[in-house]
>>> print(open('work30.txt').read())   # compact mmCIF, C-alpha atoms
# COMPACT_ATOMS: atom_id res chain seq x y z
CA MET A 18 -11.39 43.26 -0.68
CA SER A 19 -8.35 44.21 1.31
CA ILE A 20 -5.83 41.50 2.05
CA PRO A 21 -3.46 42.17 4.97
CA GLY A 22 0.17 42.28 3.88
CA HIS A 23 -0.66 41.85 0.21
CA VAL A 24 1.68 43.63 -2.17
CA GLY A 25 1.88 43.73 -5.94
CA GLY A 26 -0.21 44.70 -8.90
CA HIS A 27 -3.06 43.14 -10.79
CA TRP A 28 -3.76 43.11 -14.48
CA GLY A 29 -7.38 42.07 -14.76
CA ALA A 30 -7.61 38.76 -12.93
CA LEU A 31 -3.86 38.19 -13.27
CA HIS A 32 -1.52 38.67 -10.30
CA VAL A 33 1.37 40.36 -12.10
CA ASP A 34 3.91 40.01 -9.28
CA PHE A 35 3.07 36.35 -8.65
CA THR A 36 3.28 35.59 -12.37
CA ILE A 37 6.76 37.15 -12.60
CA VAL A 38 7.97 35.19 -9.57
CA LEU A 39 6.54 31.96 -11.01
CA ALA A 40 8.11 32.56 -14.44
CA LEU A 41 11.55 33.23 -12.88
CA SER A 42 11.17 30.14 -10.73
CA VAL A 43 10.23 27.98 -13.74
CA LEU A 44 13.25 29.22 -15.73
CA ALA A 45 15.73 28.85 -12.86
CA THR A 46 14.58 25.38 -11.79
CA ALA A 47 14.46 24.24 -15.44
CA ALA A 48 18.08 25.41 -15.98
CA LEU A 49 19.18 23.52 -12.85
CA CYS A 50 17.27 20.43 -13.99
CA VAL A 51 18.96 20.50 -17.42
CA ALA A 52 22.38 20.79 -15.71
CA GLY A 53 21.42 17.86 -13.47
CA VAL A 54 20.26 15.63 -16.32
CA THR A 55 23.37 16.41 -18.41
CA ALA A 56 25.66 15.72 -15.44
CA TYR A 57 23.82 12.46 -14.68
CA ARG A 58 24.20 11.34 -18.29
CA ARG A 59 27.93 12.01 -18.08
CA ARG A 60 28.52 10.45 -14.70
CA GLY A 61 25.82 7.77 -14.43
CA SER A 62 26.16 7.39 -10.63
CA ARG A 63 23.25 6.82 -8.26
CA ALA A 64 24.15 9.96 -6.28
CA TYR A 65 23.77 12.05 -9.44
CA LEU A 66 20.46 10.35 -10.22
CA LEU A 67 19.11 11.20 -6.75
CA VAL A 68 20.29 14.83 -6.90
CA THR A 69 18.77 15.20 -10.38
CA LEU A 70 15.45 13.72 -9.23
CA ALA A 71 15.50 16.14 -6.27
CA LEU A 72 15.92 19.02 -8.76
CA ALA A 73 13.03 17.62 -10.82
CA ALA A 74 10.87 17.58 -7.67
CA LEU A 75 11.94 21.18 -7.01
CA ALA A 76 10.93 22.10 -10.57
CA THR A 77 7.39 20.78 -9.99
CA GLN A 78 6.79 23.49 -7.37
CA PRO A 79 6.43 26.51 -9.68
CA LEU A 80 4.36 24.31 -12.01
CA LEU A 81 2.03 23.46 -9.11
CA GLY A 82 1.91 27.16 -8.27
CA GLY A 83 0.88 27.91 -11.85
CA LEU A 84 -1.84 25.26 -11.76
CA ALA A 85 -3.12 26.69 -8.46
CA MET A 86 -3.12 30.21 -9.89
CA ALA A 87 -5.04 29.04 -12.95
CA GLY A 88 -7.57 27.42 -10.61
CA ALA A 89 -6.85 23.86 -11.79
CA VAL A 90 -5.78 22.85 -8.27
CA SER A 91 -7.56 24.01 -5.10
CA PRO A 92 -5.50 26.02 -2.58
CA ALA A 93 -5.71 23.19 -0.02
CA THR A 94 -4.54 20.54 -2.51
CA HIS A 95 -1.80 22.88 -3.71
CA HIS A 96 -0.62 23.34 -0.12
CA THR A 97 -0.46 19.57 0.47
CA LEU A 98 1.27 18.86 -2.86
CA GLU A 99 3.77 21.66 -2.28
CA HIS A 100 4.81 20.29 1.11
CA GLY A 101 4.78 16.79 -0.41
CA ALA A 102 7.29 17.98 -3.02
CA ASP A 103 9.43 19.47 -0.19
CA VAL A 104 9.51 16.07 1.52
CA VAL A 105 10.52 14.36 -1.76
CA VAL A 106 13.35 16.89 -2.34
CA VAL A 107 14.72 16.42 1.17
CA LEU A 108 14.48 12.60 1.05
CA LEU A 109 16.26 12.45 -2.34
CA VAL A 110 19.10 14.70 -1.15
CA LEU A 111 19.39 12.62 2.03
CA GLY A 112 19.51 9.49 -0.14
CA ALA A 113 22.32 10.99 -2.24
CA VAL A 114 24.28 11.88 0.91
CA TYR A 115 23.74 8.39 2.37
CA ASP A 116 24.78 6.80 -0.93
CA VAL A 117 28.25 8.41 -0.75
CA ARG A 118 29.20 6.23 2.20
CA LYS A 119 27.90 3.07 0.47
CA ALA A 120 29.81 3.87 -2.72
CA ALA A 121 32.98 4.49 -0.68
CA GLN A 122 32.88 1.25 1.34
CA PRO A 123 34.51 -1.17 -1.13
CA ARG A 124 37.47 1.18 -1.48
CA GLU A 125 37.87 1.30 2.30
CA VAL A 126 37.84 -2.53 2.58
CA SER A 127 40.56 -2.85 -0.04
CA ARG A 128 42.85 -0.42 1.78
CA MET B 21 25.49 26.55 -51.91
CA SER B 22 22.22 27.49 -50.18
CA GLU B 23 22.24 30.30 -47.60
CA THR B 24 21.35 27.86 -44.80
CA ARG B 25 24.19 25.53 -45.74
CA ALA B 26 26.61 28.49 -45.84
CA ARG B 27 25.44 29.56 -42.36
CA ILE B 28 26.03 26.05 -40.98
CA ARG B 29 29.46 26.02 -42.60
CA ARG B 30 30.42 29.42 -41.16
CA ARG B 31 29.29 28.39 -37.69
CA ILE B 32 31.41 25.21 -37.78
CA GLU B 33 34.41 27.24 -38.94
CA ARG B 34 33.93 29.71 -36.12
CA GLU B 35 33.43 27.00 -33.49
CA PRO B 36 35.44 23.92 -34.47
CA GLY B 37 34.07 20.91 -32.57
CA ILE B 38 30.58 22.38 -32.07
CA HIS B 39 28.13 19.60 -31.24
CA PHE B 40 24.93 18.85 -33.09
CA ARG B 41 22.43 20.27 -30.63
CA ALA B 42 24.41 23.49 -30.13
CA LEU B 43 24.46 23.90 -33.91
CA THR B 44 20.68 23.59 -34.23
CA ARG B 45 20.16 25.92 -31.25
CA ALA B 46 22.65 28.57 -32.39
CA LEU B 47 21.20 28.78 -35.89
CA ASP B 48 17.59 28.21 -34.83
CA LEU B 49 17.10 25.44 -37.39
CA ALA B 50 15.19 22.17 -37.28
CA THR B 51 17.10 18.95 -36.56
CA GLY B 52 16.24 17.45 -39.95
CA GLN B 53 17.29 20.58 -41.79
CA VAL B 54 20.73 20.61 -40.11
CA GLN B 55 21.13 16.85 -40.75
CA TYR B 56 20.28 17.31 -44.42
CA HIS B 57 22.79 20.10 -44.98
CA LEU B 58 25.55 18.46 -42.92
CA GLY B 59 25.24 15.40 -45.15
CA ARG B 60 25.99 17.62 -48.13
CA LEU B 61 28.91 19.52 -46.59
CA GLU B 62 31.41 16.93 -47.72
CA ASP B 63 34.61 18.36 -46.26
CA VAL B 64 33.13 18.83 -42.77
CA ARG B 65 34.59 16.17 -40.47
CA VAL B 66 32.57 14.35 -37.82
CA GLU B 67 33.84 12.91 -34.54
CA ARG B 68 31.93 11.13 -31.77
CA VAL B 69 33.42 12.01 -28.37
CA SER B 70 31.84 10.80 -25.08
CA GLY B 71 28.55 10.02 -26.80
CA ARG B 72 28.18 13.39 -28.56
CA THR B 73 28.65 14.19 -32.23
CA HIS B 74 31.02 17.07 -32.97
CA TYR B 75 31.64 18.83 -36.32
CA TYR B 76 34.91 20.32 -37.59
CA PRO B 77 36.11 22.33 -40.56
CA PRO B 78 38.92 20.66 -42.56
CA GLY B 79 42.48 21.12 -41.33
CA TYR B 80 42.43 19.36 -37.95
CA ASP B 81 43.88 15.87 -37.48
CA GLY B 82 42.22 13.15 -35.36
CA TRP B 83 44.09 14.05 -32.16
CA GLU B 84 43.18 17.73 -32.55
CA ARG B 85 39.53 16.92 -33.23
CA THR B 86 39.16 14.85 -30.05
CA ALA B 87 41.11 17.45 -28.07
CA LEU B 88 38.86 20.27 -29.32
CA ALA B 89 35.78 18.35 -28.16
CA LEU B 90 37.22 17.78 -24.67
CA LEU B 91 38.57 21.33 -24.34
CA ARG B 92 35.01 22.65 -24.48
CA ARG B 93 34.71 21.52 -20.86
CA GLU B 94 35.66 24.26 -18.43
CA THR B 95 37.04 21.89 -15.76
CA ALA B 96 39.17 20.01 -18.32
CA ARG B 97 40.64 23.37 -19.36
CA ASP B 98 41.50 24.19 -15.74
CA VAL B 99 43.16 20.78 -15.33
CA ILE B 100 45.22 21.33 -18.49
CA ALA B 101 46.28 24.82 -17.36
CA ALA B 102 47.41 23.40 -14.00
CA LEU B 103 49.37 20.63 -15.73
CA TYR B 104 50.96 23.09 -18.16
CA ASP B 105 52.26 25.20 -15.26
CA ALA B 106 53.43 22.28 -13.15
CA GLU B 107 54.76 20.04 -15.97
CA GLU B 108 54.70 16.72 -14.10
CA THR B 109 52.66 16.48 -10.94
CA ARG B 110 50.60 14.21 -8.69
CA PRO B 111 46.79 13.99 -9.13
CA ASP B 112 46.14 15.28 -5.57
CA ALA B 113 48.16 18.42 -6.29
CA VAL B 114 46.17 19.03 -9.51
CA ALA B 115 42.83 18.57 -7.71
CA ASP B 116 43.95 20.98 -4.94
CA ARG B 117 45.21 23.55 -7.36
CA VAL B 118 42.06 23.52 -9.52
CA GLY B 119 39.87 23.31 -6.39
CA ILE B 120 37.96 20.17 -7.41
CA ALA B 121 37.17 16.84 -5.78
CA ARG B 122 39.28 13.81 -6.73
CA SER B 123 36.18 12.21 -8.33
CA THR B 124 35.75 15.25 -10.63
CA LEU B 125 39.41 15.07 -11.62
CA GLU B 126 39.25 11.32 -12.29
CA HIS B 127 36.13 11.75 -14.45
CA HIS B 128 37.92 14.29 -16.65
CA LEU B 129 41.18 12.31 -16.68
CA ASP B 130 39.32 9.28 -18.15
CA GLY B 131 38.65 11.23 -21.35
CA LEU B 132 41.93 13.16 -21.39
CA VAL B 133 44.10 10.04 -20.92
CA ASP B 134 42.10 8.00 -23.48
CA SER B 135 42.61 10.70 -26.10
CA ASP B 136 46.36 11.06 -25.45
CA ILE B 137 46.12 14.59 -24.11
CA VAL B 138 47.27 13.71 -20.60
CA ALA B 139 49.71 10.90 -19.76
CA LYS B 140 49.54 8.96 -16.48
CA HIS B 141 52.95 7.73 -15.30
CA ARG B 142 53.08 4.94 -12.73
CA ASN B 143 56.18 4.53 -10.63
CA GLY B 144 55.38 1.87 -8.03
CA ASN B 145 52.49 3.31 -6.01
CA ARG B 146 53.17 6.83 -7.18
CA VAL B 147 51.12 8.24 -10.05
CA THR B 148 52.05 11.46 -11.82
CA LEU B 149 50.37 13.32 -14.65
CA SER B 150 51.73 15.37 -17.51
CA LEU B 151 50.56 16.80 -20.84
CA VAL B 152 51.52 14.66 -23.84
CA ARG B 153 51.80 17.63 -26.21
CA PRO B 154 51.82 20.73 -23.95
CA ASP B 155 52.25 23.45 -26.57
CA ALA B 156 49.84 21.97 -29.12
CA THR B 157 47.22 21.50 -26.36
CA VAL B 158 47.52 25.06 -25.09
CA ALA B 159 47.29 26.39 -28.66
CA LEU B 160 43.99 24.51 -29.08
CA LEU B 161 42.66 25.97 -25.78
CA ARG B 162 42.45 29.34 -27.50
CA THR B 163 40.42 27.94 -30.40
CA VAL B 164 37.36 27.02 -28.29
CA GLU B 165 35.39 28.63 -25.50
CA PRO B 166 32.84 26.73 -23.39
CA SER B 167 29.26 27.98 -23.75
CA LEU B 168 27.25 29.22 -20.77
CA ALA B 169 25.27 25.94 -20.63
CA GLU B 170 28.50 23.90 -20.72
CA ARG B 171 29.97 26.02 -17.92
CA LEU B 172 26.83 25.59 -15.83
CA THR B 173 26.91 21.79 -16.16
CA ASP B 174 30.62 21.63 -15.30
CA ARG B 175 30.17 23.82 -12.23
CA PHE B 176 27.16 21.76 -11.15
CA GLU B 177 29.33 18.62 -11.32
CA ARG B 178 32.07 20.31 -9.33
CA LEU B 179 29.59 21.34 -6.65
CA VAL B 180 27.89 17.94 -6.35
CA ASP B 181 31.23 16.08 -6.32
CA SER B 182 32.68 18.34 -3.63
CA LEU B 183 29.52 18.11 -1.50
CA LEU B 184 29.44 14.33 -1.77
CA GLU B 185 33.19 13.78 -1.51
CA GLU B 186 34.48 11.46 1.21
CA PRO B 187 37.23 13.14 3.21
CA GLN B 188 40.58 11.84 1.93
>>> encode(input="work30.txt", output="structure tokens")
Amino acid sequence: MSIPGHVGGHWGALHVDFTIVLALSVLATAALCVAGVTAYRRRGSRAYLLVTLALAALATQPLLGGLAMAGAVSPATHHTLEHGADVVVVLLVLGAVYDVRKAAQPREVSR
Amino acid sequence: MSETRARIRRRIEREPGIHFRALTRALDLATGQVQYHLGRLEDVRVERVSGRTHYYPPGYDGWERTALALLRRETARDVIAALYDAEETRPDAVADRVGIARSTLEHHLDGLVDSDIVAKHRNGNRVTLSLVRPDATVALLRTVEPSLAERLTDRFERLVDSLLEEPQ
């Protein structure tokens, strides 16, 4: 079967290129998540919690990709879940940004 | 002394103030194994700083032990370097010079002021900062180096704080 625009090698049933991309993505998002959790434990603010949860939602994406590749999740479900995770990431970051103003208000009143 | 215990001992001597998890990771040992041997290394001193347990070889007093734990943080080191150069200066000037948000600076100052490394002087509304023991502090800076993971967390905090900072 020829797939238009498809690049990369195969090793048996395994997409080698896709596997490498997924593995890098898992490692990078996991490192960011660990930094987020450590920073949240130090700082304990709601903004840090929201940013860390956004990173956790980002980290689910390569995991979903892995599940889809292994055939545990259908391509259509994977597509929906992936965009669902995008929405969660964006909403959490928006929440963190919105929270800054709320956290700053008492200081402004006391000025 | 067993080989494992000697390895733990050497690691603590090389990295005074190393924390428990870093010790298990660096030596690739199980938590229980490290706990067991640490309990038997009688001259190794233990200090809890900001919720983490740090280990020290003998020869450091209480002030030095707390300082060594805090000086593992890259941003705290930058703040100390800025204060060493400027002697006595206002918090805004330190934050500008280091390139961090005021909230990042205040977070680090909490620990540094509590452990008598940095002094806050209040003169009416004006606050200035200075190092309590400048030369001793700078000497300790050379004893420890932050790990890659510690640097990553500190830079992540700097980024989030500066992104979420309210304009002054």
>>> residues_around(input="work30.txt", residues="Ala74 (chain A)", least_positions_apart="4", cutoff="12 Å", atoms="all atoms listed in the file", output="ChimeraX atom specification")
/A:46-47,49-50,67-70,78-81,98-110
>>> closest_residue(input="work30.txt", among="A:Val51, A:Ala73, A:Val117, A:Ala64", to="Glu170 (chain B)", atoms="all atoms listed in the file")
A:Val51
>>> atom_distance(input="work30.txt", atom1="CA of Arg60 (chain A)", atom2="CA of Leu172 (chain B)")
15.3 Å
>>> closest_residue(input="work30.txt", among="B:Glu94, B:Glu23, B:Glu67, B:Glu33", to="Thr173 (chain B)", atoms="only C-alpha atoms")
B:Glu94
>>> closest_atom_pairs(input="work30.txt", of="chain A", to="chain B", cutoff="12 Å", atoms="all atoms listed in the file", output="Markdown table")
| residue | atom | partner | partner_atom | distance |
| --- | --- | --- | --- | --- |
| A:Ala45 | CA | B:Leu172 | CA | 11.9 |
| A:Ala48 | CA | B:Ala169 | CA | 8.6 |
| A:Leu49 | CA | B:Phe176 | CA | 8.3 |
| A:Cys50 | CA | B:Thr173 | CA | 10.0 |
| A:Val51 | CA | B:Thr173 | CA | 8.2 |
| A:Ala52 | CA | B:Thr173 | CA | 4.7 |
| A:Gly53 | CA | B:Thr173 | CA | 7.3 |
| A:Val54 | CA | B:Thr173 | CA | 9.1 |
| A:Thr55 | CA | B:Thr173 | CA | 6.8 |
| A:Ala56 | CA | B:Glu177 | CA | 6.2 |
| A:Tyr57 | CA | B:Glu177 | CA | 8.9 |
| A:Arg58 | CA | B:Gly71 | CA | 9.6 |
| A:Arg59 | CA | B:Ser70 | CA | 8.1 |
| A:Arg60 | CA | B:His127 | CA | 7.7 |
| A:Gly61 | CA | B:His127 | CA | 11.1 |
| A:Ser62 | CA | B:Asp181 | CA | 10.9 |
| A:Arg63 | CA | B:Leu184 | CA | 11.7 |
| A:Ala64 | CA | B:Leu184 | CA | 8.2 |
| A:Tyr65 | CA | B:Val180 | CA | 7.8 |
| A:Leu66 | CA | B:Val180 | CA | 11.3 |
| A:Leu67 | CA | B:Val180 | CA | 11.1 |
| A:Val68 | CA | B:Val180 | CA | 8.2 |
| A:Thr69 | CA | B:Val180 | CA | 10.3 |
| A:Leu72 | CA | B:Phe176 | CA | 11.8 |
| A:Val110 | CA | B:Leu184 | CA | 10.4 |
| A:Leu111 | CA | B:Leu184 | CA | 10.9 |
| A:Gly112 | CA | B:Leu184 | CA | 11.2 |
| A:Ala113 | CA | B:Leu184 | CA | 7.9 |
| A:Val114 | CA | B:Leu184 | CA | 6.3 |
| A:Tyr115 | CA | B:Leu184 | CA | 9.2 |
| A:Asp116 | CA | B:Leu184 | CA | 8.9 |
| A:Val117 | CA | B:Leu184 | CA | 6.1 |
| A:Arg118 | CA | B:Glu186 | CA | 7.5 |
| A:Lys119 | CA | B:Glu186 | CA | 10.7 |
| A:Ala120 | CA | B:Glu186 | CA | 9.7 |
| A:Ala121 | CA | B:Glu186 | CA | 7.4 |
| A:Gln122 | CA | B:Glu186 | CA | 10.3 |
| A:Arg124 | CA | B:Glu186 | CA | 11.0 |
| A:Glu125 | CA | B:Glu186 | CA | 10.8 |
>>> axis_aligned_box(input="work30.txt", around="region 51-55 of chain B", padding_each_side="4 Å", output="AutoDock Vina command-line options")
--center_x 18.7 --center_y 18.7 --center_z -39.2 --size_x 12.9 --size_y 11.8 --size_z 13.2
>>> atom_distance(input="work30.txt", atom1="CA of Arg31 (chain B)", atom2="CA of Leu43 (chain B)")
7.6 Å
>>> atom_distance(input="work30.txt", atom1="CA of Ser150 (chain B)", atom2="CA of Thr109 (chain B)")
6.7 Å
>>> residues_around(input="work30.txt", residues="Ser22 (chain B)", least_positions_apart="4", cutoff="10 Å", atoms="only C-alpha atoms", output="PyMOL selection string")
chain B and resi 26-27+57
>>> closest_atom_pairs(input="work30.txt", of="region 84-119 of chain B", to="region 156-161 of chain B", cutoff="10 Å", atoms="all atoms listed in the file", output="JSON lines")
{"residue": "B:Glu84", "atom": "CA", "partner": "B:Leu160", "partner_atom": "CA", "distance": 7.7}
{"residue": "B:Arg85", "atom": "CA", "partner": "B:Leu160", "partner_atom": "CA", "distance": 9.7}
{"residue": "B:Ala87", "atom": "CA", "partner": "B:Thr157", "partner_atom": "CA", "distance": 7.5}
{"residue": "B:Leu88", "atom": "CA", "partner": "B:Leu160", "partner_atom": "CA", "distance": 6.7}
{"residue": "B:Leu90", "atom": "CA", "partner": "B:Leu161", "partner_atom": "CA", "distance": 9.9}
{"residue": "B:Leu91", "atom": "CA", "partner": "B:Leu161", "partner_atom": "CA", "distance": 6.4}
{"residue": "B:Arg92", "atom": "CA", "partner": "B:Leu161", "partner_atom": "CA", "distance": 8.4}
{"residue": "B:Arg97", "atom": "CA", "partner": "B:Leu161", "partner_atom": "CA", "distance": 7.2}
{"residue": "B:Ile100", "atom": "CA", "partner": "B:Val158", "partner_atom": "CA", "distance": 7.9}
{"residue": "B:Ala101", "atom": "CA", "partner": "B:Val158", "partner_atom": "CA", "distance": 7.8}
{"residue": "B:Tyr104", "atom": "CA", "partner": "B:Val158", "partner_atom": "CA", "distance": 8.0}
>>> residues_around(input="work30.txt", residues="Met86 (chain A)", least_positions_apart="5", cutoff="10 Å", atoms="all atoms listed in the file", output="JSON, numbers by chain")
{"A": [31, 32, 35, 36, 39, 80, 81, 91, 92, 95]}
>>> closest_residue(input="work30.txt", among="B:Ala113, B:Ala50, B:Val118, B:Ile137", to="Val99 (chain B)", atoms="all atoms listed in the file")
B:Val118
>>> decode(input="work30.txt", residues="region 68-101 of chain A", atoms="N, CA and C atoms", output="short mmCIF file (atom, residue, chain, number, x, y, z; two decimals), in the first residue's frame")
data_model
loop_
_atom_site.label_atom_id
_atom_site.label_comp_id
_atom_site.auth_asym_id
_atom_site.auth_seq_id
_atom_site.Cartn_x
_atom_site.Cartn_y
_atom_site.Cartn_z
N VAL A 68 -0.75 25.32 35.94
CA VAL A 68 0.29 25.12 34.92
C VAL A 68 0.77 23.67 34.95
N THR A 69 0.92 23.11 36.17
CA THR A 69 1.39 21.73 36.29
C THR A 69 0.35 20.75 35.74
N LEU A 70 -0.94 21.02 36.00
CA LEU A 70 -1.98 20.16 35.44
C LEU A 70 -2.00 20.26 33.91
N ALA A 71 -1.74 21.46 33.39
CA ALA A 71 -1.68 21.63 31.93
C ALA A 71 -0.55 20.77 31.36
N LEU A 72 0.60 20.75 32.06
CA LEU A 72 1.73 19.93 31.60
C LEU A 72 1.37 18.45 31.68
N ALA A 73 0.60 18.07 32.72
CA ALA A 73 0.18 16.67 32.85
C ALA A 73 -0.73 16.30 31.68
N ALA A 74 -1.62 17.23 31.29
CA ALA A 74 -2.52 16.98 30.16
C ALA A 74 -1.70 16.85 28.86
N LEU A 75 -0.64 17.68 28.77
CA LEU A 75 0.25 17.60 27.61
C LEU A 75 0.96 16.24 27.56
N ALA A 76 1.32 15.74 28.75
CA ALA A 76 2.05 14.46 28.82
C ALA A 76 1.15 13.28 28.44
N THR A 77 -0.19 13.47 28.51
CA THR A 77 -1.06 12.34 28.14
C THR A 77 -1.05 12.12 26.62
N GLN A 78 -0.66 13.17 25.86
CA GLN A 78 -0.75 13.06 24.40
C GLN A 78 0.15 11.97 23.80
N PRO A 79 1.46 11.95 24.15
CA PRO A 79 2.26 10.85 23.60
C PRO A 79 1.79 9.48 24.11
N LEU A 80 1.23 9.45 25.33
CA LEU A 80 0.73 8.17 25.85
C LEU A 80 -0.47 7.71 25.03
N LEU A 81 -1.36 8.67 24.69
CA LEU A 81 -2.50 8.34 23.83
C LEU A 81 -2.02 7.86 22.47
N GLY A 82 -0.98 8.53 21.96
CA GLY A 82 -0.40 8.15 20.67
C GLY A 82 0.11 6.71 20.72
N GLY A 83 0.75 6.36 21.83
CA GLY A 83 1.27 5.01 22.01
C GLY A 83 0.15 3.99 22.04
N LEU A 84 -0.92 4.33 22.77
CA LEU A 84 -2.08 3.42 22.85
C LEU A 84 -2.69 3.23 21.46
N ALA A 85 -2.77 4.34 20.69
CA ALA A 85 -3.34 4.26 19.34
C ALA A 85 -2.47 3.39 18.45
N MET A 86 -1.14 3.56 18.60
CA MET A 86 -0.21 2.78 17.78
C MET A 86 -0.32 1.29 18.10
N ALA A 87 -0.51 1.00 19.39
CA ALA A 87 -0.61 -0.39 19.82
C ALA A 87 -1.99 -0.98 19.47
N GLY A 88 -2.89 -0.12 19.00
CA GLY A 88 -4.21 -0.60 18.60
C GLY A 88 -5.20 -0.66 19.75
N ALA A 89 -4.83 -0.15 20.94
CA ALA A 89 -5.73 -0.19 22.09
C ALA A 89 -6.83 0.87 21.97
N VAL A 90 -6.56 1.92 21.18
CA VAL A 90 -7.54 2.99 20.98
C VAL A 90 -7.72 3.15 19.47
N SER A 91 -8.96 3.26 19.01
CA SER A 91 -9.20 3.40 17.58
C SER A 91 -8.74 4.77 17.12
N PRO A 92 -8.37 4.90 15.82
CA PRO A 92 -7.90 6.20 15.32
C PRO A 92 -8.90 7.33 15.59
N ALA A 93 -10.19 7.06 15.44
CA ALA A 93 -11.20 8.11 15.64
C ALA A 93 -11.23 8.54 17.10
N THR A 94 -11.22 7.57 18.01
CA THR A 94 -11.22 7.90 19.45
C THR A 94 -9.96 8.67 19.81
N HIS A 95 -8.82 8.20 19.25
CA HIS A 95 -7.55 8.86 19.52
C HIS A 95 -7.61 10.33 19.11
N HIS A 96 -8.19 10.56 17.92
CA HIS A 96 -8.30 11.92 17.39
C HIS A 96 -9.11 12.81 18.34
N THR A 97 -10.25 12.27 18.81
CA THR A 97 -11.11 13.04 19.72
C THR A 97 -10.38 13.30 21.03
N LEU A 98 -9.78 12.26 21.59
CA LEU A 98 -9.08 12.41 22.89
C LEU A 98 -7.93 13.39 22.78
N GLU A 99 -7.22 13.34 21.64
CA GLU A 99 -6.07 14.22 21.45
C GLU A 99 -6.52 15.68 21.45
N HIS A 100 -7.59 15.97 20.70
CA HIS A 100 -8.08 17.35 20.67
C HIS A 100 -8.70 17.72 22.02
N GLY A 101 -9.28 16.73 22.70
CA GLY A 101 -9.80 16.96 24.05
C GLY A 101 -8.68 17.40 24.98
#
